[in-house]
>>> print(open('model_24.csv').read())   # CSV, C-alpha atoms
chain,number,residue,atom,x,y,z
A,1,MET,CA,12.6,-30.3,-6.5
A,2,GLY,CA,16.2,-29.2,-7.1
A,3,ASN,CA,15.6,-29.3,-10.9
A,4,VAL,CA,12.7,-27.0,-10.5
A,5,SER,CA,14.8,-24.5,-8.6
A,6,ASP,CA,17.4,-24.6,-11.3
A,7,ILE,CA,14.8,-23.9,-14.0
A,8,VAL,CA,13.4,-21.0,-12.0
A,9,ALA,CA,16.9,-19.6,-11.5
A,10,LEU,CA,17.4,-19.4,-15.3
A,11,SER,CA,13.9,-18.2,-16.0
A,12,ALA,CA,13.2,-14.6,-16.9
A,13,THR,CA,9.4,-14.8,-16.5
A,14,PHE,CA,8.7,-17.3,-13.7
A,15,GLY,CA,8.2,-14.7,-11.0
A,16,VAL,CA,6.0,-12.5,-13.1
A,17,VAL,CA,3.9,-15.5,-14.2
A,18,ILE,CA,3.1,-16.9,-10.8
A,19,SER,CA,2.5,-13.4,-9.4
A,20,ILE,CA,-0.1,-12.7,-12.1
A,21,ILE,CA,-1.7,-16.2,-11.7
A,22,GLY,CA,-1.9,-15.6,-7.9
A,23,TYR,CA,-3.5,-12.2,-8.4
A,24,GLY,CA,-6.0,-13.6,-11.0
A,25,LEU,CA,-6.9,-16.3,-8.6
A,26,GLY,CA,-7.5,-13.7,-5.9
A,27,VAL,CA,-9.8,-11.7,-8.1
A,28,LEU,CA,-11.7,-14.8,-9.0
A,29,ILE,CA,-12.2,-15.8,-5.4
A,30,ARG,CA,-13.3,-12.3,-4.3
A,31,ASN,CA,-15.8,-12.0,-7.2
A,32,LYS,CA,-17.2,-15.5,-6.4
A,33,THR,CA,-17.5,-14.9,-2.6
A,34,GLY,CA,-17.9,-11.2,-2.3
A,35,ILE,CA,-16.0,-11.4,1.0
A,36,GLY,CA,-13.6,-8.5,1.7
A,37,ILE,CA,-11.0,-10.6,3.5
A,38,PHE,CA,-10.3,-12.4,0.2
A,39,ASN,CA,-8.3,-9.5,-1.1
A,40,PRO,CA,-6.6,-10.3,-4.5
A,41,LEU,CA,-3.2,-9.0,-3.3
A,42,LEU,CA,-3.4,-11.0,-0.1
A,43,ILE,CA,-4.4,-14.2,-2.0
A,44,SER,CA,-1.5,-13.6,-4.5
A,45,ILE,CA,1.0,-13.3,-1.7
A,46,ILE,CA,-0.2,-16.5,0.0
A,47,PHE,CA,-0.2,-18.3,-3.4
A,48,VAL,CA,3.4,-17.2,-4.2
A,49,MET,CA,4.6,-18.2,-0.7
A,50,VAL,CA,3.0,-21.7,-1.1
A,51,ILE,CA,4.6,-22.2,-4.5
A,52,LEU,CA,8.0,-21.1,-3.3
A,53,SER,CA,7.8,-23.3,-0.2
A,54,VAL,CA,6.5,-26.4,-2.0
A,55,PHE,CA,9.2,-26.3,-4.7
A,56,HIS,CA,11.9,-25.0,-2.4
A,57,ILE,CA,12.6,-21.9,-4.5
A,58,GLY,CA,14.6,-19.2,-2.9
A,59,TYR,CA,13.3,-15.6,-2.7
A,60,ARG,CA,16.3,-14.3,-4.6
A,61,ASP,CA,15.6,-16.6,-7.5
A,62,TYR,CA,11.9,-15.6,-7.5
A,63,ASN,CA,12.6,-11.9,-7.2
A,64,SER,CA,15.2,-11.9,-10.1
A,65,SER,CA,12.3,-12.4,-12.5
A,66,ALA,CA,9.4,-10.9,-10.5
A,67,LYS,CA,11.2,-7.5,-10.0
A,68,TYR,CA,10.0,-6.3,-13.4
A,69,LEU,CA,6.5,-5.9,-11.9
A,70,SER,CA,8.0,-3.2,-9.6
A,71,TYR,CA,8.8,-1.1,-12.6
A,72,LEU,CA,5.1,-0.6,-13.0
A,73,LEU,CA,4.6,1.0,-9.6
A,74,THR,CA,5.5,4.5,-10.6
A,75,PRO,CA,3.4,4.8,-13.7
A,76,ALA,CA,0.5,3.1,-11.9
A,77,THR,CA,0.8,5.7,-9.2
A,78,VAL,CA,1.0,8.6,-11.7
A,79,SER,CA,-2.1,7.3,-13.5
A,80,LEU,CA,-4.2,8.0,-10.4
A,81,ALA,CA,-4.1,11.6,-11.3
A,82,VAL,CA,-6.7,11.0,-14.0
A,83,PRO,CA,-9.8,10.6,-11.7
A,84,LEU,CA,-8.5,13.6,-9.7
A,85,TYR,CA,-8.5,15.7,-12.8
A,86,LEU,CA,-12.1,14.7,-13.6
A,87,HIS,CA,-13.2,16.1,-10.2
A,88,ILE,CA,-10.9,19.2,-10.1
A,89,ASP,CA,-13.9,21.5,-9.5
A,90,ARG,CA,-14.8,19.7,-6.2
A,91,LEU,CA,-11.2,19.9,-5.2
A,92,ARG,CA,-11.2,23.7,-5.6
A,93,ARG,CA,-14.4,24.1,-3.7
A,94,ASN,CA,-13.1,22.1,-0.7
A,95,TRP,CA,-9.4,22.8,-0.8
A,96,VAL,CA,-9.1,24.2,2.8
A,97,GLY,CA,-10.8,21.1,4.4
A,98,ILE,CA,-8.9,18.8,2.1
A,99,ALA,CA,-5.5,20.4,3.0
A,100,VAL,CA,-6.2,20.3,6.7
A,101,GLY,CA,-7.4,16.6,6.5
A,102,LEU,CA,-4.4,15.5,4.6
A,103,ILE,CA,-1.9,17.2,6.8
A,104,SER,CA,-3.6,15.8,9.9
A,105,GLY,CA,-3.7,12.3,8.4
A,106,SER,CA,0.0,12.3,7.6
A,107,ILE,CA,1.1,13.6,11.0
A,108,THR,CA,-1.2,11.1,12.7
A,109,SER,CA,0.2,8.2,10.7
A,110,MET,CA,3.8,9.0,11.7
A,111,GLY,CA,2.8,10.1,15.2
A,112,SER,CA,1.1,6.8,15.8
A,113,VAL,CA,4.3,4.9,14.8
A,114,LEU,CA,6.3,7.1,17.2
A,115,VAL,CA,3.9,6.4,20.1
A,116,MET,CA,3.7,2.7,19.5
A,117,SER,CA,7.5,2.5,19.2
A,118,VAL,CA,7.9,4.1,22.6
A,119,LEU,CA,5.3,1.9,24.1
A,120,PHE,CA,6.8,-1.3,22.8
A,121,GLY,CA,10.5,-0.3,23.1
A,122,LEU,CA,11.4,-0.6,19.5
A,123,SER,CA,14.9,0.2,18.3
A,124,HIS,CA,15.5,3.3,16.1
A,125,LYS,CA,16.1,1.0,13.1
A,126,GLN,CA,12.7,-0.7,13.7
A,127,TYR,CA,11.0,2.7,14.2
A,128,VAL,CA,12.2,4.2,11.0
A,129,THR,CA,11.3,1.0,9.2
A,130,LEU,CA,7.7,1.5,10.2
A,131,LEU,CA,7.5,5.3,9.5
A,132,PRO,CA,6.5,5.0,5.8
A,133,LYS,CA,3.7,2.4,6.5
A,134,SER,CA,0.9,4.5,5.0
A,135,ILE,CA,2.5,5.7,1.8
A,136,THR,CA,2.8,3.9,-1.6
A,137,THR,CA,5.6,1.4,-1.9
A,138,ALA,CA,7.6,3.3,-4.5
A,139,ILE,CA,8.1,6.2,-2.1
A,140,GLY,CA,8.2,4.2,1.1
A,141,MET,CA,11.1,2.1,0.0
A,142,GLY,CA,13.2,5.2,-0.7
A,143,ILE,CA,12.3,6.8,2.7
A,144,SER,CA,13.1,3.6,4.6
A,145,ASP,CA,16.5,3.2,2.8
A,146,GLU,CA,17.4,6.8,3.4
A,147,LEU,CA,16.6,6.7,7.1
A,148,GLY,CA,18.5,3.4,7.6
A,149,GLY,CA,15.5,1.2,8.0
A,150,LEU,CA,14.9,-2.4,6.8
A,151,VAL,CA,13.5,-1.9,3.3
A,152,THR,CA,12.1,-5.4,2.9
A,153,ILE,CA,10.3,-5.1,6.2
A,154,SER,CA,9.0,-1.6,5.2
A,155,VAL,CA,7.6,-3.1,2.0
A,156,ALA,CA,5.8,-5.9,3.9
A,157,VAL,CA,4.4,-3.4,6.4
A,158,ILE,CA,3.2,-1.1,3.6
A,159,ILE,CA,1.4,-4.0,1.9
A,160,ILE,CA,-0.2,-5.2,5.1
A,161,THR,CA,-1.4,-1.7,5.9
A,162,GLY,CA,-2.9,-1.3,2.5
A,163,ILE,CA,-4.6,-4.7,2.6
A,164,LEU,CA,-6.1,-3.9,6.1
A,165,GLY,CA,-7.3,-0.6,4.8
A,166,ASN,CA,-8.8,-2.2,1.7
A,167,VAL,CA,-10.6,-4.8,3.7
A,168,LEU,CA,-11.8,-2.6,6.6
A,169,ALA,CA,-12.5,0.7,4.8
A,170,VAL,CA,-16.3,0.2,4.3
A,171,THR,CA,-16.7,-1.2,7.9
A,172,ILE,CA,-14.8,1.7,9.5
A,173,CYS,CA,-16.7,4.3,7.5
A,174,ARG,CA,-20.0,2.8,8.7
A,175,LEU,CA,-18.8,2.5,12.2
A,176,PHE,CA,-17.9,6.2,12.5
A,177,ARG,CA,-20.8,7.2,10.2
A,178,ILE,CA,-18.5,8.8,7.6
A,179,THR,CA,-20.9,9.5,4.7
A,180,ASP,CA,-19.3,12.3,2.8
A,181,PRO,CA,-17.5,10.9,-0.3
A,182,VAL,CA,-14.7,13.4,-0.1
A,183,ALA,CA,-14.0,12.5,3.6
A,184,LYS,CA,-14.1,8.8,2.7
A,185,GLY,CA,-11.7,9.1,-0.1
A,186,LEU,CA,-9.2,11.3,1.8
A,187,ALA,CA,-9.2,9.0,4.8
A,188,ILE,CA,-8.8,5.8,2.8
A,189,GLY,CA,-6.1,7.2,0.6
A,190,ALA,CA,-4.1,8.7,3.4
A,191,ALA,CA,-4.3,5.6,5.6
A,192,ALA,CA,-4.0,2.8,3.0
A,193,HIS,CA,-2.3,4.3,-0.1
A,194,ALA,CA,-2.8,2.6,-3.5
A,195,ILE,CA,-4.3,-0.6,-2.2
A,196,GLY,CA,-6.9,1.3,-0.2
A,197,THR,CA,-7.5,3.6,-3.2
A,198,SER,CA,-8.6,0.6,-5.3
A,199,LYS,CA,-11.3,0.1,-2.7
A,200,ALA,CA,-12.2,3.8,-2.7
A,201,MET,CA,-12.6,3.6,-6.5
A,202,GLU,CA,-15.0,0.7,-6.1
A,203,MET,CA,-17.0,2.9,-3.6
A,204,GLY,CA,-17.4,5.8,-6.1
A,205,ASP,CA,-15.7,8.2,-8.5
A,206,ILE,CA,-15.4,11.0,-6.0
A,207,GLU,CA,-13.9,8.7,-3.3
A,208,GLY,CA,-11.4,7.4,-5.8
A,209,ALA,CA,-10.4,10.8,-6.9
A,210,MET,CA,-9.9,12.1,-3.4
A,211,ALA,CA,-8.0,8.9,-2.4
A,212,SER,CA,-5.7,9.5,-5.4
A,213,LEU,CA,-5.0,13.0,-4.2
A,214,ALA,CA,-4.3,11.7,-0.7
A,215,ILE,CA,-1.7,9.2,-1.9
A,216,VAL,CA,0.3,12.0,-3.6
A,217,VAL,CA,0.1,14.6,-0.9
A,218,ASN,CA,0.6,12.1,1.9
A,219,GLY,CA,3.7,10.8,0.2
A,220,LEU,CA,5.1,14.4,-0.1
A,221,ILE,CA,4.3,15.2,3.5
A,222,THR,CA,5.9,12.0,4.7
A,223,VAL,CA,9.0,12.6,2.6
A,224,ILE,CA,9.4,15.9,4.3
A,225,GLY,CA,8.3,14.9,7.8
A,226,ALA,CA,9.9,11.5,8.1
A,227,SER,CA,13.4,13.0,8.7
A,228,PHE,CA,12.0,15.2,11.5
A,229,PHE,CA,10.1,12.3,13.1
A,230,ALA,CA,13.2,10.1,12.8
A,231,MET,CA,15.0,12.5,15.1
A,232,LEU,CA,12.3,12.2,17.8
A,233,TYR,CA,13.1,8.6,18.8
>>> encode(input="model_24.csv", output="structure tokens")
Amino acid sequence: MGNVSDIVALSATFGVVISIIGYGLGVLIRNKTGIGIFNPLLISIIFVMVILSVFHIGYRDYNSSAKYLSYLLTPATVSLAVPLYLHIDRLRRNWVGIAVGLISGSITSMGSVLVMSVLFGLSHKQYVTLLPKSITTAIGMGISDELGGLVTISVAVIIITGILGNVLAVTICRLFRITDPVAKGLAIGAAAHAIGTSKAMEMGDIEGAMASLAIVVNGLITVIGASFFAMLY
């Protein structure tokens, strides 16, 4: 096992390779079963954890080669502007409702963290760590670091939030009888960022476009509002 760890430590591609294999396995399982809980990202996380545990590979060794995947986060987020551009006319027609919905969603996200932190007696460091839970990882990491939070925990929370949004999006829309595609997209994008947006895109073009908009606007509002909310607790 020790030899495997040494090989991994010297490898420039090991982390990328097993991450992609894990994700591909997740896509295969979801397509075969059609069950929402088998989210490809969730499967890939579990797959990587098992590999690292079985071969006693340290996270630092894994991350030294897997970190290159993180460089793709920003361009991937920017590319979400494409479906939004294709539905720009609908955005113009509904801009008031969209603006109100996005502002409300962002404030609710940070406000819920504040309320839960008070109820459970979390420390200020834990509180600011959770504040960026509903925005994309690329932005959330910066906010957490700036506010003095635990960046690694913030990343984990952001990913978990996204996976839950991806898995539960359809069920929640049915439960609350949300049928308008604009409302669906905005809600999913604002609550579950890029991972949720992937589900919105599966639901329809309009849902995907609105979710893409929600990611960007929610990120901007959170960047501005997080400093204010950080002072409240």
>>> atom_distance(input="model_24.csv", atom1="CA of Met116 (chain A)", atom2="CA of Leu232 (chain A)")
12.9 Å
>>> closest_residue(input="model_24.csv", among="A:Leu42, A:Val78, A:Ile143, A:Ile206", to="Thr161 (chain A)", atoms="all atoms listed in the file")
A:Leu42
>>> closest_atom_pairs(input="model_24.csv", of="region 54-171 of chain A", to="region 183-194 of chain A", cutoff="6 Å", atoms="only C-alpha atoms", output="Markdown table")
| residue | atom | partner | partner_atom | distance |
| --- | --- | --- | --- | --- |
| A:Ser134 | CA | A:Ala191 | CA | 5.3 |
| A:Ile135 | CA | A:His193 | CA | 5.3 |
| A:Thr136 | CA | A:His193 | CA | 5.3 |
| A:Thr161 | CA | A:Ala192 | CA | 6.0 |
| A:Gly162 | CA | A:Ala192 | CA | 4.3 |
| A:Gly165 | CA | A:Ala192 | CA | 5.1 |
>>> closest_residue(input="model_24.csv", among="A:Ser106, A:Thr171, A:Thr179, A:Asn31", to="Ile221 (chain A)", atoms="all atoms listed in the file")
A:Ser106
>>> residues_around(input="model_24.csv", residues="region 43-45 of chain A", least_positions_apart="5", cutoff="6 Å", atoms="all atoms listed in the file", output="list in words")
Gly22, Tyr23 and Gly26 of chain A
>>> residues_around(input="model_24.csv", residues="Val182 (chain A)", least_positions_apart="2", cutoff="12 Å", atoms="only C-alpha atoms", output="PyMOL selection string")
chain A and resi 84+87+90-91+93-95+97-99+101-102+178-180+184-189+200-201+203-214
>>> atom_distance(input="model_24.csv", atom1="CA of Phe228 (chain A)", atom2="CA of Gly148 (chain A)")
14.0 Å
>>> atom_distance(input="model_24.csv", atom1="CA of Ile51 (chain A)", atom2="CA of Ala76 (chain A)")
26.7 Å
>>> closest_residue(input="model_24.csv", among="A:Leu80, A:Ala230, A:Leu69, A:Leu25", to="Gly111 (chain A)", atoms="all atoms listed in the file")
A:Ala230
>>> closest_residue(input="model_24.csv", among="A:Ile57, A:Ile46, A:Leu41, A:Ile172", to="Gly15 (chain A)", atoms="only C-alpha atoms")
A:Ile57
>>> closest_residue(input="model_24.csv", among="A:Lys133, A:Val167, A:Pro75, A:Ser123", to="Val155 (chain A)", atoms="all atoms listed in the file")
A:Lys133
>>> closest_residue(input="model_24.csv", among="A:Thr137, A:Thr152, A:Asn166, A:Thr129", to="Gly196 (chain A)", atoms="only C-alpha atoms")
A:Asn166
>>> residues_around(input="model_24.csv", residues="Ala226 (chain A)", least_positions_apart="5", cutoff="9 Å", atoms="all atoms listed in the file", output="ChimeraX atom specification")
/A:110,128,131-132,143,147,221,231
>>> residues_near_point(input="model_24.csv", point="(11.5, 5.6, -2.5)", cutoff="12 Å", atoms="all atoms listed in the file", output="PDB file with C-alpha atoms, keeping the file's coordinate frame")
ATOM      1  CA  SER A  70       8.000  -3.200  -9.600  1.00  0.00           C
ATOM      2  CA  LEU A  73       4.600   1.000  -9.600  1.00  0.00           C
ATOM      3  CA  THR A  74       5.500   4.500 -10.600  1.00  0.00           C
ATOM      4  CA  PRO A 132       6.500   5.000   5.800  1.00  0.00           C
ATOM      5  CA  ILE A 135       2.500   5.700   1.800  1.00  0.00           C
ATOM      6  CA  THR A 136       2.800   3.900  -1.600  1.00  0.00           C
ATOM      7  CA  THR A 137       5.600   1.400  -1.900  1.00  0.00           C
ATOM      8  CA  ALA A 138       7.600   3.300  -4.500  1.00  0.00           C
ATOM      9  CA  ILE A 139       8.100   6.200  -2.100  1.00  0.00           C
ATOM     10  CA  GLY A 140       8.200   4.200   1.100  1.00  0.00           C
ATOM     11  CA  MET A 141      11.100   2.100   0.000  1.00  0.00           C
ATOM     12  CA  GLY A 142      13.200   5.200  -0.700  1.00  0.00           C
ATOM     13  CA  ILE A 143      12.300   6.800   2.700  1.00  0.00           C
ATOM     14  CA  SER A 144      13.100   3.600   4.600  1.00  0.00           C
ATOM     15  CA  ASP A 145      16.500   3.200   2.800  1.00  0.00           C
ATOM     16  CA  GLU A 146      17.400   6.800   3.400  1.00  0.00           C
ATOM     17  CA  LEU A 147      16.600   6.700   7.100  1.00  0.00           C
ATOM     18  CA  VAL A 151      13.500  -1.900   3.300  1.00  0.00           C
ATOM     19  CA  SER A 154       9.000  -1.600   5.200  1.00  0.00           C
ATOM     20  CA  VAL A 155       7.600  -3.100   2.000  1.00  0.00           C
ATOM     21  CA  GLY A 219       3.700  10.800   0.200  1.00  0.00           C
ATOM     22  CA  LEU A 220       5.100  14.400  -0.100  1.00  0.00           C
ATOM     23  CA  THR A 222       5.900  12.000   4.700  1.00  0.00           C
ATOM     24  CA  VAL A 223       9.000  12.600   2.600  1.00  0.00           C
TER      25      VAL A 223
END
